[in-house]
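Peer 1: Here it is: the structure, laid out below.
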Amino acid sequence: MARDVLTVRRVRFEYPPDANPLWNRRFPEFAFAANGISLLMPYAEPYFVRSIRAVVPQLGEPLKSRTEDFLRQEMQHQRQHRRFNDIIATNYRGVPRLERSIRRTYGWLSRTRSQRFNLAFAAGSETIAFSLARWTDRHIGQLFVGADPVPATMYLWHLAEEVEHKSVAFDVYEAVDGSRLRYAVAIVVSLLILMWFVWLASLVMLYNTGRLFSPVAHLRLIKWSVSLGMTMLPTMAASALPGHHPEHFADPEFLSAWLRQYDPINETMPLWQG
Ligand SMILES: [Fe+2]
Ligand SMILES: [Fe+2]
């Protein structure tokens, strides 16, 4: 994949008026955990964008142009998640309250932490997103079979672009600061915040659908968390080692190939037909 140009895809996902936030009926808990991540996006991604945009004037080419495209990709992501999150919030009680506390958390980080920490946080979060994409790519045949096409496509498009731009925030952080210790602290904080809110969001959605006391639901969530941790933690640890760069990570194959099917004329991705 060419590393000098990022494609800004303006994909717009259309949902029917009765769209169901439970987009995976085989594994409702998986849909809820993914929806939990979706709820974070309109607050986490603009926080990364603000942090990185503040230092764009300091960057040299070609990183500067690449960073501007990266920021455009991230703004597209959060915009599309926001539309889907409205469907989640109108269907499930307790979600708007959760969204307020997510907004306060990332707002607080943005206001009170140093520019260097915020950049480390963005770079670390991008590594987390990349490892989520890696894990999803390995389990796509199991977890996305029979999923509703539009939300599934939205999630996969986002993950595929996270793979495509995996090194940009890291390069920006390296250009401005680059302390691996700060990066290691920030990536752990980012992961803990993500886990906390995804867990809360999953509980809220399980409650709304009468599954809060389903042992199967909790066992599945634990199983996926362990499996995800086994992909994510080594990736995170490797990314914090001196001399490591995200380009050293092999890209997941399916997502990268799938992203090449973007239709620039109609601004669409082929709908997921799993
Ligand atoms: Fe993103
Ligand atoms: Fe990203």
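Ordering of the structure tokens sets the chain letters (A, B, ...); residue numbers start at 1 within each chain; ligands are numbered from 1 in the order shown.
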Taking only C-alpha atoms and all ligand atoms into account, report as a list in words which residues have an atom no farther than 6 Å from an atom of ligand 1.

Peer 2: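 Listed by chain and ascending number, the contacts are Glu74, His77, His158 and Glu162 of chain A.
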
Peer 1: Save out the residues we just selected, C-alpha atoms, as a PDB file, in the first residue's frame.

Peer 2:
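Contents of selection.pdb, as written:
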```pdb
ATOM      1  CA  GLU A  74     -10.895  10.925  11.205  1.00  0.00           C
ATOM      2  CA  HIS A  77     -15.300   8.535  10.866  1.00  0.00           C
ATOM      3  CA  HIS A 158     -13.537   2.595   9.686  1.00  0.00           C
ATOM      4  CA  GLU A 162      -7.338   2.786  10.678  1.00  0.00           C
TER       5      GLU A 162
END
```

Peer 1: Please identify all polymer residues within 10 Å of Ser38 in chain A, counting only C-alpha atoms, omitting same-chain residues fewer than 2 positions from it, and present them as a VMD selection string.

Peer 2: chain A and resid 32 to 36 40 to 44 77 to 78 80 to 82 84 to 85 88 155 198 201

Peer 1: Go ahead and save the picked residues with N, CA and C atoms, as a PDB file, in the first residue's frame.

Peer 2:
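Output contents, as saved in out-v6.pdb:
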```
ATOM      1  N   PHE A  32     -23.150  -4.932  20.750  1.00  0.00           N
ATOM      2  CA  PHE A  32     -23.191  -3.938  21.825  1.00  0.00           C
ATOM      3  C   PHE A  32     -21.789  -3.422  22.167  1.00  0.00           C
ATOM      4  N   ALA A  33     -20.819  -4.323  22.190  1.00  0.00           N
ATOM      5  CA  ALA A  33     -19.446  -3.879  22.483  1.00  0.00           C
ATOM      6  C   ALA A  33     -18.953  -2.946  21.364  1.00  0.00           C
ATOM      7  N   ALA A  34     -19.245  -3.332  20.109  1.00  0.00           N
ATOM      8  CA  ALA A  34     -18.849  -2.472  18.980  1.00  0.00           C
ATOM      9  C   ALA A  34     -19.586  -1.134  19.064  1.00  0.00           C
ATOM     10  N   ASN A  35     -20.874  -1.171  19.441  1.00  0.00           N
ATOM     11  CA  ASN A  35     -21.625   0.076  19.589  1.00  0.00           C
ATOM     12  C   ASN A  35     -21.016   0.938  20.699  1.00  0.00           C
ATOM     13  N   GLY A  36     -20.483   0.294  21.718  1.00  0.00           N
ATOM     14  CA  GLY A  36     -19.813   1.050  22.794  1.00  0.00           C
ATOM     15  C   GLY A  36     -18.631   1.828  22.234  1.00  0.00           C
ATOM     16  N   LEU A  40     -17.969   6.227  21.622  1.00  0.00           N
ATOM     17  CA  LEU A  40     -16.786   7.025  21.990  1.00  0.00           C
ATOM     18  C   LEU A  40     -16.315   7.927  20.849  1.00  0.00           C
ATOM     19  N   MET A  41     -16.551   7.492  19.621  1.00  0.00           N
ATOM     20  CA  MET A  41     -15.897   8.128  18.470  1.00  0.00           C
ATOM     21  C   MET A  41     -16.169   9.627  18.310  1.00  0.00           C
ATOM     22  N   PRO A  42     -17.423  10.108  18.492  1.00  0.00           N
ATOM     23  CA  PRO A  42     -17.643  11.542  18.274  1.00  0.00           C
ATOM     24  C   PRO A  42     -16.952  12.440  19.313  1.00  0.00           C
ATOM     25  N   TYR A  43     -16.394  11.831  20.336  1.00  0.00           N
ATOM     26  CA  TYR A  43     -15.676  12.625  21.345  1.00  0.00           C
ATOM     27  C   TYR A  43     -14.182  12.331  21.301  1.00  0.00           C
ATOM     28  N   ALA A  44     -13.820  11.043  21.128  1.00  0.00           N
ATOM     29  CA  ALA A  44     -12.398  10.678  21.096  1.00  0.00           C
ATOM     30  C   ALA A  44     -11.731  11.202  19.813  1.00  0.00           C
ATOM     31  N   HIS A  77     -14.935   9.658   9.982  1.00  0.00           N
ATOM     32  CA  HIS A  77     -15.300   8.535  10.866  1.00  0.00           C
ATOM     33  C   HIS A  77     -16.287   8.998  11.934  1.00  0.00           C
ATOM     34  N   GLN A  78     -15.890  10.033  12.659  1.00  0.00           N
ATOM     35  CA  GLN A  78     -16.744  10.427  13.789  1.00  0.00           C
ATOM     36  C   GLN A  78     -18.110  10.929  13.303  1.00  0.00           C
ATOM     37  N   GLN A  80     -19.813   9.757  10.723  1.00  0.00           N
ATOM     38  CA  GLN A  80     -20.656   8.589  10.418  1.00  0.00           C
ATOM     39  C   GLN A  80     -21.052   7.843  11.689  1.00  0.00           C
ATOM     40  N   HIS A  81     -20.159   7.791  12.661  1.00  0.00           N
ATOM     41  CA  HIS A  81     -20.523   7.159  13.937  1.00  0.00           C
ATOM     42  C   HIS A  81     -21.624   7.951  14.641  1.00  0.00           C
ATOM     43  N   ARG A  82     -21.529   9.265  14.563  1.00  0.00           N
ATOM     44  CA  ARG A  82     -22.528  10.120  15.215  1.00  0.00           C
ATOM     45  C   ARG A  82     -23.932   9.797  14.694  1.00  0.00           C
ATOM     46  N   PHE A  84     -24.987   6.949  13.409  1.00  0.00           N
ATOM     47  CA  PHE A  84     -25.419   5.647  13.922  1.00  0.00           C
ATOM     48  C   PHE A  84     -25.704   5.736  15.429  1.00  0.00           C
ATOM     49  N   ASN A  85     -24.922   6.548  16.136  1.00  0.00           N
ATOM     50  CA  ASN A  85     -25.133   6.673  17.582  1.00  0.00           C
ATOM     51  C   ASN A  85     -26.501   7.278  17.903  1.00  0.00           C
ATOM     52  N   ILE A  88     -28.721   4.445  18.166  1.00  0.00           N
ATOM     53  CA  ILE A  88     -28.516   3.734  19.439  1.00  0.00           C
ATOM     54  C   ILE A  88     -29.210   4.497  20.568  1.00  0.00           C
ATOM     55  N   TYR A 155     -18.564  -0.098  10.206  1.00  0.00           N
ATOM     56  CA  TYR A 155     -17.486  -0.504  11.113  1.00  0.00           C
ATOM     57  C   TYR A 155     -16.258  -0.977  10.341  1.00  0.00           C
ATOM     58  N   VAL A 198     -16.671   0.930  27.129  1.00  0.00           N
ATOM     59  CA  VAL A 198     -17.257  -0.158  26.334  1.00  0.00           C
ATOM     60  C   VAL A 198     -17.983  -1.130  27.261  1.00  0.00           C
ATOM     61  N   ALA A 201     -21.217   0.631  28.347  1.00  0.00           N
ATOM     62  CA  ALA A 201     -22.163   0.684  27.214  1.00  0.00           C
ATOM     63  C   ALA A 201     -22.757  -0.696  26.951  1.00  0.00           C
TER      64      ALA A 201
END
```

Peer 1: Which residue gives the smallest distance to Gln261 in chain A among A:Arg93, A:Leu212, A:Ala160, A:Arg66, with only C-alpha atoms counted?

Peer 2: A:Ala160

Peer 1: Which residue gives the smallest distance to Ser225 in chain A among A:Ala250, A:Ile265, A:Leu132, A:Ile87, with only C-alpha atoms counted?

Peer 2: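 Smallest separation from Ser225 in chain A among the options: A:Leu132.
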
Peer 1: Please run DSSP on the backbone and report, as a PDB file with C-alpha atoms, in the first residue's frame, all residues within range 111-224 of chain A that come out as alpha helix (DSSP H).

Peer 2:
```
ATOM      1  CA  ARG A 111      -8.357  20.902  28.368  1.00  0.00           C
ATOM      2  CA  THR A 112      -6.074  19.818  31.171  1.00  0.00           C
ATOM      3  CA  GLN A 115       0.107  19.103  24.263  1.00  0.00           C
ATOM      4  CA  ARG A 116       2.759  16.372  24.385  1.00  0.00           C
ATOM      5  CA  PHE A 117       0.553  14.040  26.388  1.00  0.00           C
ATOM      6  CA  ASN A 118      -2.395  14.669  24.087  1.00  0.00           C
ATOM      7  CA  LEU A 119      -0.257  13.811  21.062  1.00  0.00           C
ATOM      8  CA  ALA A 120       1.007  10.656  22.779  1.00  0.00           C
ATOM      9  CA  PHE A 121      -2.591   9.786  23.586  1.00  0.00           C
ATOM     10  CA  ALA A 122      -3.618  10.204  19.955  1.00  0.00           C
ATOM     11  CA  ALA A 123      -0.665   8.116  18.720  1.00  0.00           C
ATOM     12  CA  GLY A 124      -1.347   5.393  21.288  1.00  0.00           C
ATOM     13  CA  SER A 125      -5.059   5.353  20.497  1.00  0.00           C
ATOM     14  CA  GLU A 126      -4.259   4.890  16.821  1.00  0.00           C
ATOM     15  CA  THR A 127      -2.195   1.815  17.718  1.00  0.00           C
ATOM     16  CA  ILE A 128      -5.163   0.509  19.713  1.00  0.00           C
ATOM     17  CA  ALA A 129      -7.416   1.103  16.693  1.00  0.00           C
ATOM     18  CA  PHE A 130      -4.930  -0.725  14.463  1.00  0.00           C
ATOM     19  CA  SER A 131      -4.815  -3.715  16.808  1.00  0.00           C
ATOM     20  CA  LEU A 132      -8.626  -3.765  16.950  1.00  0.00           C
ATOM     21  CA  ALA A 133      -8.572  -3.937  13.154  1.00  0.00           C
ATOM     22  CA  ARG A 134      -6.013  -6.760  13.281  1.00  0.00           C
ATOM     23  CA  TRP A 135      -8.155  -8.763  15.681  1.00  0.00           C
ATOM     24  CA  THR A 136     -11.385  -8.101  13.765  1.00  0.00           C
ATOM     25  CA  ASP A 137      -9.754  -9.121  10.497  1.00  0.00           C
ATOM     26  CA  ARG A 138      -8.839 -12.495  12.022  1.00  0.00           C
ATOM     27  CA  HIS A 139     -12.368 -13.095  13.328  1.00  0.00           C
ATOM     28  CA  ILE A 140     -14.408 -11.539  10.562  1.00  0.00           C
ATOM     29  CA  GLY A 141     -15.727 -14.862   9.260  1.00  0.00           C
ATOM     30  CA  GLN A 142     -17.178 -15.663  12.652  1.00  0.00           C
ATOM     31  CA  LEU A 143     -18.288 -12.306  14.009  1.00  0.00           C
ATOM     32  CA  PRO A 149     -25.010  -4.799   5.951  1.00  0.00           C
ATOM     33  CA  VAL A 150     -25.002  -1.037   6.585  1.00  0.00           C
ATOM     34  CA  PRO A 151     -23.664  -0.922  10.169  1.00  0.00           C
ATOM     35  CA  ALA A 152     -21.247  -3.776   9.384  1.00  0.00           C
ATOM     36  CA  THR A 153     -19.909  -1.840   6.389  1.00  0.00           C
ATOM     37  CA  MET A 154     -19.535   1.306   8.488  1.00  0.00           C
ATOM     38  CA  TYR A 155     -17.486  -0.504  11.113  1.00  0.00           C
ATOM     39  CA  LEU A 156     -15.314  -2.333   8.566  1.00  0.00           C
ATOM     40  CA  TRP A 157     -14.688   0.835   6.527  1.00  0.00           C
ATOM     41  CA  HIS A 158     -13.537   2.595   9.686  1.00  0.00           C
ATOM     42  CA  LEU A 159     -11.250  -0.258  10.736  1.00  0.00           C
ATOM     43  CA  ALA A 160      -9.780  -0.518   7.232  1.00  0.00           C
ATOM     44  CA  GLU A 161      -8.908   3.200   7.234  1.00  0.00           C
ATOM     45  CA  GLU A 162      -7.338   2.786  10.678  1.00  0.00           C
ATOM     46  CA  VAL A 163      -5.016   0.251   9.052  1.00  0.00           C
ATOM     47  CA  GLU A 164      -4.353   2.582   6.140  1.00  0.00           C
ATOM     48  CA  VAL A 168       0.413   9.086  10.804  1.00  0.00           C
ATOM     49  CA  ALA A 169      -0.332  10.079  14.417  1.00  0.00           C
ATOM     50  CA  PHE A 170       2.799   8.210  15.470  1.00  0.00           C
ATOM     51  CA  ASP A 171       4.922  10.156  12.971  1.00  0.00           C
ATOM     52  CA  VAL A 172       3.442  13.435  14.211  1.00  0.00           C
ATOM     53  CA  TYR A 173       4.197  12.477  17.793  1.00  0.00           C
ATOM     54  CA  GLU A 174       7.763  11.522  16.835  1.00  0.00           C
ATOM     55  CA  ALA A 175       8.223  14.841  15.063  1.00  0.00           C
ATOM     56  CA  VAL A 176       7.124  16.865  18.095  1.00  0.00           C
ATOM     57  CA  ARG A 180       8.389   6.360  24.502  1.00  0.00           C
ATOM     58  CA  LEU A 181       7.692   6.575  28.215  1.00  0.00           C
ATOM     59  CA  ARG A 182       4.987   9.208  27.704  1.00  0.00           C
ATOM     60  CA  TYR A 183       3.618   7.137  24.827  1.00  0.00           C
ATOM     61  CA  ALA A 184       3.479   4.024  27.041  1.00  0.00           C
ATOM     62  CA  VAL A 185       1.598   5.865  29.795  1.00  0.00           C
ATOM     63  CA  ALA A 186      -0.813   7.447  27.307  1.00  0.00           C
ATOM     64  CA  ILE A 187      -1.622   4.195  25.509  1.00  0.00           C
ATOM     65  CA  VAL A 188      -2.445   2.486  28.808  1.00  0.00           C
ATOM     66  CA  VAL A 189      -4.686   5.397  29.886  1.00  0.00           C
ATOM     67  CA  SER A 190      -6.405   5.346  26.496  1.00  0.00           C
ATOM     68  CA  LEU A 191      -7.033   1.604  26.713  1.00  0.00           C
ATOM     69  CA  LEU A 192      -8.413   1.834  30.263  1.00  0.00           C
ATOM     70  CA  ILE A 193     -10.851   4.598  29.273  1.00  0.00           C
ATOM     71  CA  LEU A 194     -11.942   2.602  26.234  1.00  0.00           C
ATOM     72  CA  MET A 195     -12.463  -0.586  28.259  1.00  0.00           C
ATOM     73  CA  TRP A 196     -14.405   1.239  30.975  1.00  0.00           C
ATOM     74  CA  PHE A 197     -16.846   2.882  28.589  1.00  0.00           C
ATOM     75  CA  VAL A 198     -17.257  -0.158  26.334  1.00  0.00           C
ATOM     76  CA  TRP A 199     -18.066  -2.257  29.386  1.00  0.00           C
ATOM     77  CA  LEU A 200     -20.588   0.314  30.662  1.00  0.00           C
ATOM     78  CA  ALA A 201     -22.163   0.684  27.214  1.00  0.00           C
ATOM     79  CA  SER A 202     -22.429  -3.089  26.829  1.00  0.00           C
ATOM     80  CA  LEU A 203     -24.194  -3.352  30.195  1.00  0.00           C
ATOM     81  CA  VAL A 204     -26.621  -0.550  29.264  1.00  0.00           C
ATOM     82  CA  MET A 205     -27.505  -2.255  25.979  1.00  0.00           C
ATOM     83  CA  LEU A 206     -27.753  -5.720  27.548  1.00  0.00           C
ATOM     84  CA  TYR A 207     -30.129  -4.209  30.123  1.00  0.00           C
ATOM     85  CA  ASN A 208     -32.256  -2.556  27.445  1.00  0.00           C
ATOM     86  CA  PRO A 215     -24.544 -15.832  31.551  1.00  0.00           C
ATOM     87  CA  VAL A 216     -23.894 -16.562  27.870  1.00  0.00           C
ATOM     88  CA  ALA A 217     -23.664 -12.859  27.094  1.00  0.00           C
ATOM     89  CA  HIS A 218     -21.085 -12.245  29.811  1.00  0.00           C
ATOM     90  CA  LEU A 219     -19.089 -15.379  29.006  1.00  0.00           C
ATOM     91  CA  ARG A 220     -18.874 -14.348  25.360  1.00  0.00           C
ATOM     92  CA  LEU A 221     -17.770 -10.836  26.301  1.00  0.00           C
ATOM     93  CA  ILE A 222     -15.064 -12.279  28.556  1.00  0.00           C
ATOM     94  CA  LYS A 223     -13.941 -14.714  25.846  1.00  0.00           C
ATOM     95  CA  TRP A 224     -13.626 -11.958  23.237  1.00  0.00           C
TER      96      TRP A 224
END
```

Peer 1: Just checking: using only C-alpha atoms and all ligand atoms, which residue out of A:Ala19, A:Val226, A:Leu71, A:Leu59 ends up closest to ligand 2?

Peer 2: A:Leu71

Peer 1: Identify which of the residues A:Lys166, A:Arg12, A:Tyr262, A:Arg113 lies closest to His245 in chain A, counting only C-alpha atoms when measuring atom-to-atom distances.

Peer 2: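 Comparing A:Lys166, A:Arg12, A:Tyr262, A:Arg113 against His245 in chain A, the winner is A:Lys166.
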
Peer 1: If I take CA of Glu267 in chain A and CA of Phe254 in chain A, how far is one from the other in Å, to one decimal?

Peer 2: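 Pair CA of Glu267 in chain A / CA of Phe254 in chain A returns 20.3 Å.
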
Peer 1: For Arg100 in chain A, which of A:Thr235, A:Leu39, A:Gly178, A:Pro16 is the closest residue, counting only C-alpha atoms?

Peer 2: A:Leu39

Peer 1: One decimal, Å: what's the distance from CA of Asn24 in chain A over to CA of Ala147 in chain A, could you say?

Peer 2: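 The value is 4.6 Å.
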
Peer 1: Separation of CA of His248 in chain A and CA of Phe70 in chain A, in Å?

Peer 2: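 The value is 19.2 Å.
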
Peer 1: From the set A:Ser65, A:Asn266, A:Gln73, A:Thr105, which residue has the shortest atom-to-atom contact distance to ligand 2, counting only C-alpha atoms and all ligand atoms?

Peer 2: A:Gln73
